[in-house]
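Visitor: Handing you a structure now.
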Amino acid sequence: MKKFNPEEELRKIQNKNITINSTSRIKGSYIPALLLACFGVAILGTTISNGLSMEDNNFYTVNIDIINGQQSQYIKKVSAGEFSAVIENDATFGSINCTKGTLSYDPETSRVYSNNINEDTECILSFMNDGTKNIQISQLNRISDNNGKSYYYKADAKNNYIKLGDTMFRIVRINGDGSYRLITEKSLDATTFGSNNDYVNSNIKDILNNWVQKFENYNLVEEDFDINNYQGLELDTLIAEYSYINSKVGLLNVREAYLITDGITDGYLSGSFFLSNGYGLENVWAIKDGVITNTSIYDTLNIRPVINIKPNSIKGQGTEELPYEIG
C-alpha cells in the first residue's frame, strides 16, 4: 500500500509548493483534520457574523405614543417587513401622524400596520372626536407628564384659541390623558399672592375656586398642578413627583412657562401675572412683561386661571376668528 504523504496531497489540492517543517509541533498526519476544523470555524464565523448583521440591520423599534387611549404607549422591536398590532380603544379614532417612518390604522379592526418596516418608526396615534382629530399633534412639542406624553403649544402659536361661553382661552397643552389644559386669554383683577408663597393657603386659590364655578358644565376634570418651590429647574420633563395638588383650577407652573416661552419674546403668555410655584422662602415666580422672574408675595399682579377639560365634541379651527368651541 502506498504510504500517505501529506506534503504531496497538499500540493495536489493547492497546486503550489509547500514546505512542511518536520520539526513543527503540528504533525503531518494532523493536517487534513486541521483543514476541516479551520473550514468549520470559518463557516461558524460567517454564521455568527450574519446573525449579528440581522440583529443590527433587520430589526427596528416601533414606538407609538397614544393620546386619549386605553394605553399611553406601544413600543416593540420588530423584524423588517410587514408589521401589524392591535391597539384597541373605545373612543373614536382621530389620526395617526408619524415623525419617522410610516404606519396606518384601521379603526374597524383596531389594527395598526405597515407593509414594510425598514427603519425605526415613531408615530402618534390619537383617539378623539371629529373636531379634535384635526389638531396636528405631530407638529407640537412633546414632553412627559404625570399621565404619559404631553404635547404643548409654544408661545407664538396662532391656532390654539378655544372659547367656553363668552370667555376666550388658549390651549396650553394636551395632557397625557387626552384632556386639554387651558389658560385664559385675559387676566382677572390684580391681587397680591398672599401672606407667604404657599399656594394652598394663598389669596389666589380662594379667588380661583369662586371663579371656576361658572364653567362646571364644560366637562372640567381634575388634573395635577405643580406647586413645588423650585429654585433650580430641570426642563426635560413635566412630571411632578411631589408638591402638587389635584384640582379643577390653578395657575400655570413655572416649568410649563419656561418650555412655552423658551426662545420667544412675545406670544400668548405676554403680560404680567403670577405663576403657581413659590421661589425660595419669600418670593414667588411670575411673568412680568412677558419675562419669567421672581417677585415679592406682596406685589400686585394679575391672575390668569388655568383649567382642564375633556370635551365630548368640539368645532372650529382654533384661530382667533374661528376659535374652537365646545359643542
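Ordered as shown in the C-alpha cells, chains take letters A, B, and onward, while each chain numbers its residues from 1 and ligands are numbered from 1 in the order shown.
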Extract, using only C-alpha atoms, all DNA, RNA and protein residues at most 10 Å from region 182-196 of chain A, discarding same-chain residues fewer than 4 positions from it, and format them as a ChimeraX atom specification.
Guide: /A:160-163,167-174,201-205,207-208,211,249-252,268-276,278,281-284,295-309
Visitor: Kindly export the residues of the current selection with C-alpha atoms, as a PDB file, in the first residue's frame.
Guide:
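This went into again-v7.pdb:
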```
ATOM      1  CA  ASN A 160     -54.755  77.347  19.926  1.00  0.00           C
ATOM      2  CA  TYR A 161     -57.760  79.607  20.606  1.00  0.00           C
ATOM      3  CA  ILE A 162     -60.735  77.964  22.317  1.00  0.00           C
ATOM      4  CA  LYS A 163     -63.889  79.613  23.615  1.00  0.00           C
ATOM      5  CA  THR A 167     -64.562  83.513  27.755  1.00  0.00           C
ATOM      6  CA  MET A 168     -61.626  83.060  25.401  1.00  0.00           C
ATOM      7  CA  PHE A 169     -58.830  80.676  26.366  1.00  0.00           C
ATOM      8  CA  ARG A 170     -55.618  79.426  24.784  1.00  0.00           C
ATOM      9  CA  ILE A 171     -54.753  75.724  24.732  1.00  0.00           C
ATOM     10  CA  VAL A 172     -51.523  75.330  26.684  1.00  0.00           C
ATOM     11  CA  ARG A 173     -51.081  71.617  26.094  1.00  0.00           C
ATOM     12  CA  ILE A 174     -52.781  68.299  25.510  1.00  0.00           C
ATOM     13  CA  ASN A 201     -53.169  78.974  51.594  1.00  0.00           C
ATOM     14  CA  SER A 202     -52.926  81.891  49.154  1.00  0.00           C
ATOM     15  CA  ASN A 203     -55.374  84.630  48.224  1.00  0.00           C
ATOM     16  CA  ILE A 204     -55.259  83.342  44.666  1.00  0.00           C
ATOM     17  CA  LYS A 205     -56.608  79.886  45.455  1.00  0.00           C
ATOM     18  CA  ILE A 207     -60.303  83.660  44.045  1.00  0.00           C
ATOM     19  CA  LEU A 208     -59.888  80.820  41.545  1.00  0.00           C
ATOM     20  CA  TRP A 211     -64.251  81.920  39.527  1.00  0.00           C
ATOM     21  CA  VAL A 249     -58.415  75.113  38.584  1.00  0.00           C
ATOM     22  CA  GLY A 250     -54.961  76.512  39.267  1.00  0.00           C
ATOM     23  CA  LEU A 251     -52.141  78.564  37.805  1.00  0.00           C
ATOM     24  CA  LEU A 252     -49.604  77.858  35.093  1.00  0.00           C
ATOM     25  CA  TYR A 268     -49.934  84.255  24.290  1.00  0.00           C
ATOM     26  CA  LEU A 269     -48.079  84.384  27.637  1.00  0.00           C
ATOM     27  CA  SER A 270     -47.207  88.058  27.347  1.00  0.00           C
ATOM     28  CA  GLY A 271     -48.246  90.481  30.084  1.00  0.00           C
ATOM     29  CA  SER A 272     -47.729  90.234  33.839  1.00  0.00           C
ATOM     30  CA  PHE A 273     -49.255  87.565  36.087  1.00  0.00           C
ATOM     31  CA  PHE A 274     -48.451  85.120  38.869  1.00  0.00           C
ATOM     32  CA  LEU A 275     -47.240  81.560  38.289  1.00  0.00           C
ATOM     33  CA  SER A 276     -48.031  78.753  40.717  1.00  0.00           C
ATOM     34  CA  GLY A 278     -43.015  79.664  45.126  1.00  0.00           C
ATOM     35  CA  LEU A 281     -38.528  81.197  51.190  1.00  0.00           C
ATOM     36  CA  GLU A 282     -40.138  84.547  50.398  1.00  0.00           C
ATOM     37  CA  ASN A 283     -40.587  85.220  46.708  1.00  0.00           C
ATOM     38  CA  VAL A 284     -42.787  83.637  44.043  1.00  0.00           C
ATOM     39  CA  THR A 295     -41.187  88.703  42.734  1.00  0.00           C
ATOM     40  CA  SER A 296     -42.403  89.530  46.215  1.00  0.00           C
ATOM     41  CA  ILE A 297     -45.590  87.917  47.533  1.00  0.00           C
ATOM     42  CA  TYR A 298     -46.753  91.470  48.302  1.00  0.00           C
ATOM     43  CA  ASP A 299     -46.527  92.650  44.690  1.00  0.00           C
ATOM     44  CA  THR A 300     -49.864  93.198  42.986  1.00  0.00           C
ATOM     45  CA  LEU A 301     -50.135  91.193  39.763  1.00  0.00           C
ATOM     46  CA  ASN A 302     -52.867  89.777  37.558  1.00  0.00           C
ATOM     47  CA  ILE A 303     -54.241  86.219  37.661  1.00  0.00           C
ATOM     48  CA  ARG A 304     -54.703  84.041  34.584  1.00  0.00           C
ATOM     49  CA  PRO A 305     -56.673  80.949  35.608  1.00  0.00           C
ATOM     50  CA  VAL A 306     -55.803  77.514  34.211  1.00  0.00           C
ATOM     51  CA  ILE A 307     -58.384  74.717  33.810  1.00  0.00           C
ATOM     52  CA  ASN A 308     -58.501  71.284  32.176  1.00  0.00           C
ATOM     53  CA  ILE A 309     -61.359  69.960  30.032  1.00  0.00           C
TER      54      ILE A 309
END
```
Visitor: For the structure I just gave you, how does DSSP split region 44-234 of chain A - specifically, which residues are helix (DSSP H, G or I)? Reply as a PyMOL selection string.
Guide: chain A and resi 44-57+132-134+137-139+199-201+203-215
Visitor: Write a file of the selected residues as a short mmCIF file (atom, residue, chain, number, x, y, z; two decimals), in the first residue's frame, keeping N, CA, C and O atoms.
Guide:
```cif
data_model
loop_
_atom_site.label_atom_id
_atom_site.label_comp_id
_atom_site.auth_asym_id
_atom_site.auth_seq_id
_atom_site.Cartn_x
_atom_site.Cartn_y
_atom_site.Cartn_z
N LEU A 44 -18.66 28.77 10.85
CA LEU A 44 -19.28 29.24 12.09
C LEU A 44 -19.14 30.74 12.23
O LEU A 44 -20.07 31.45 12.60
N GLY A 45 -17.95 31.25 11.88
CA GLY A 45 -17.73 32.69 11.96
C GLY A 45 -18.64 33.45 11.03
O GLY A 45 -19.19 34.50 11.38
N THR A 46 -18.83 32.91 9.83
CA THR A 46 -19.75 33.55 8.88
C THR A 46 -21.17 33.55 9.41
O THR A 46 -21.91 34.54 9.29
N THR A 47 -21.58 32.42 10.01
CA THR A 47 -22.93 32.31 10.57
C THR A 47 -23.14 33.32 11.68
O THR A 47 -24.15 34.01 11.75
N ILE A 48 -22.15 33.43 12.60
CA ILE A 48 -22.26 34.39 13.69
C ILE A 48 -22.31 35.80 13.15
O ILE A 48 -23.11 36.63 13.57
N SER A 49 -21.44 36.08 12.15
CA SER A 49 -21.43 37.41 11.55
C SER A 49 -22.77 37.75 10.93
O SER A 49 -23.28 38.84 11.08
N ASN A 50 -23.35 36.77 10.21
CA ASN A 50 -24.65 37.00 9.60
C ASN A 50 -25.71 37.23 10.66
O ASN A 50 -26.61 38.05 10.50
N GLY A 51 -25.63 36.48 11.77
CA GLY A 51 -26.60 36.65 12.84
C GLY A 51 -26.52 38.03 13.44
O GLY A 51 -27.53 38.69 13.70
N LEU A 52 -25.30 38.53 13.68
CA LEU A 52 -25.14 39.87 14.20
C LEU A 52 -25.63 40.90 13.22
O LEU A 52 -26.24 41.91 13.57
N SER A 53 -25.38 40.65 11.93
CA SER A 53 -25.84 41.57 10.91
C SER A 53 -27.36 41.67 10.90
O SER A 53 -27.93 42.75 10.77
N MET A 54 -28.04 40.50 11.07
CA MET A 54 -29.51 40.52 11.11
C MET A 54 -30.00 41.29 12.31
O MET A 54 -30.94 42.07 12.23
N GLU A 55 -29.32 41.10 13.46
CA GLU A 55 -29.74 41.81 14.66
C GLU A 55 -29.59 43.31 14.49
O GLU A 55 -30.43 44.10 14.90
N ASP A 56 -28.48 43.72 13.86
CA ASP A 56 -28.20 45.13 13.71
C ASP A 56 -29.02 45.78 12.61
O ASP A 56 -29.46 46.91 12.74
N ASN A 57 -29.23 45.06 11.52
CA ASN A 57 -29.77 45.69 10.33
C ASN A 57 -31.23 45.34 10.01
O ASN A 57 -31.87 46.04 9.25
N THR A 132 -61.52 67.46 17.37
CA THR A 132 -60.14 67.49 17.83
C THR A 132 -59.21 66.64 16.98
O THR A 132 -58.00 66.79 17.05
N LYS A 133 -59.74 65.73 16.20
CA LYS A 133 -58.86 64.90 15.39
C LYS A 133 -58.12 65.70 14.33
O LYS A 133 -57.13 65.24 13.78
N ASN A 134 -58.58 66.94 14.06
CA ASN A 134 -57.93 67.77 13.06
C ASN A 134 -56.71 68.51 13.60
O ASN A 134 -55.97 69.13 12.85
N ILE A 137 -51.17 67.08 16.01
CA ILE A 137 -50.39 66.84 17.22
C ILE A 137 -48.91 66.67 16.90
O ILE A 137 -48.04 67.08 17.67
N SER A 138 -48.61 66.07 15.76
CA SER A 138 -47.21 65.81 15.41
C SER A 138 -46.41 67.09 15.24
O SER A 138 -45.18 67.07 15.26
N GLN A 139 -47.09 68.23 15.07
CA GLN A 139 -46.39 69.50 14.91
C GLN A 139 -46.12 70.18 16.25
O GLN A 139 -45.48 71.23 16.30
N TYR A 199 -49.15 78.25 47.87
CA TYR A 199 -50.33 78.41 47.03
C TYR A 199 -51.59 77.88 47.71
O TYR A 199 -52.68 78.47 47.60
N VAL A 200 -51.48 76.77 48.45
CA VAL A 200 -52.65 76.15 49.08
C VAL A 200 -53.34 77.12 50.02
O VAL A 200 -54.58 77.09 50.17
N ASN A 201 -52.59 78.01 50.64
CA ASN A 201 -53.17 78.97 51.59
C ASN A 201 -53.11 80.40 51.06
O ASN A 201 -53.10 81.36 51.84
N ASN A 203 -54.19 83.88 48.66
CA ASN A 203 -55.37 84.63 48.22
C ASN A 203 -55.87 84.11 46.88
O ASN A 203 -57.08 84.05 46.62
N ILE A 204 -54.93 83.72 46.03
CA ILE A 204 -55.26 83.34 44.67
C ILE A 204 -56.13 82.09 44.63
O ILE A 204 -57.07 82.00 43.84
N LYS A 205 -55.83 81.12 45.47
CA LYS A 205 -56.61 79.89 45.46
C LYS A 205 -58.08 80.16 45.73
O LYS A 205 -58.96 79.61 45.06
N ASP A 206 -58.38 81.00 46.69
CA ASP A 206 -59.79 81.32 47.01
C ASP A 206 -60.46 82.03 45.83
O ASP A 206 -61.62 81.74 45.49
N ILE A 207 -59.73 82.94 45.19
CA ILE A 207 -60.30 83.66 44.05
C ILE A 207 -60.62 82.69 42.91
O ILE A 207 -61.69 82.74 42.29
N LEU A 208 -59.70 81.77 42.63
CA LEU A 208 -59.89 80.82 41.54
C LEU A 208 -61.04 79.84 41.83
O LEU A 208 -61.80 79.50 40.92
N ASN A 209 -61.16 79.39 43.05
CA ASN A 209 -62.24 78.45 43.39
C ASN A 209 -63.61 79.07 43.20
O ASN A 209 -64.57 78.38 42.83
N ASN A 210 -63.74 80.37 43.43
CA ASN A 210 -65.01 81.06 43.17
C ASN A 210 -65.22 81.28 41.68
O ASN A 210 -66.33 81.11 41.16
N TRP A 211 -64.16 81.63 40.96
CA TRP A 211 -64.25 81.92 39.53
C TRP A 211 -64.64 80.68 38.72
O TRP A 211 -65.43 80.77 37.78
N VAL A 212 -64.11 79.51 39.05
CA VAL A 212 -64.26 78.33 38.22
C VAL A 212 -65.68 77.78 38.21
O VAL A 212 -66.05 76.98 37.32
N GLN A 213 -66.50 78.18 39.14
CA GLN A 213 -67.84 77.60 39.26
C GLN A 213 -68.69 77.83 38.02
O GLN A 213 -69.56 77.02 37.70
N LYS A 214 -68.44 78.89 37.27
CA LYS A 214 -69.27 79.17 36.09
C LYS A 214 -68.92 78.25 34.91
O LYS A 214 -69.59 78.29 33.87
N PHE A 215 -67.89 77.42 35.06
CA PHE A 215 -67.51 76.50 33.98
C PHE A 215 -67.79 75.04 34.33
O PHE A 215 -67.29 74.14 33.65
#
```
Visitor: With only C-alpha atoms as the basis for distance, which of A:Phe127, A:Tyr113, A:Tyr153, A:Phe83 is at the shortest distance from Gln71 (chain A)?
Guide: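 Using only C-alpha atoms, Gln71 (chain A) sits closest to A:Phe127.
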Visitor: How many Å separate CA of Gly81 (chain A) from CA of Ile117 (chain A)?
Guide: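 Going from CA of Gly81 (chain A) over to CA of Ile117 (chain A), I get 5.0 Å.
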Visitor: What is the distance, in Å and to one decimal place, between CA of Arg111 (chain A) and CA of Ser84 (chain A)?
Guide: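 Those two atoms sit 6.6 Å apart.
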Visitor: Pick from A:Asn312, A:Ser247, A:Lys154, A:Ile287: nearest to Thr261 (chain A), with only C-alpha atoms counted?
Guide: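 Among A:Asn312, A:Ser247, A:Lys154, A:Ile287, it is A:Lys154 that comes nearest to Thr261 (chain A).
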Visitor: Measure the distance from CA of Asp236 (chain A) to CA of Leu259 (chain A) in Å and round it to one decimal.
Guide: 9.1 Å
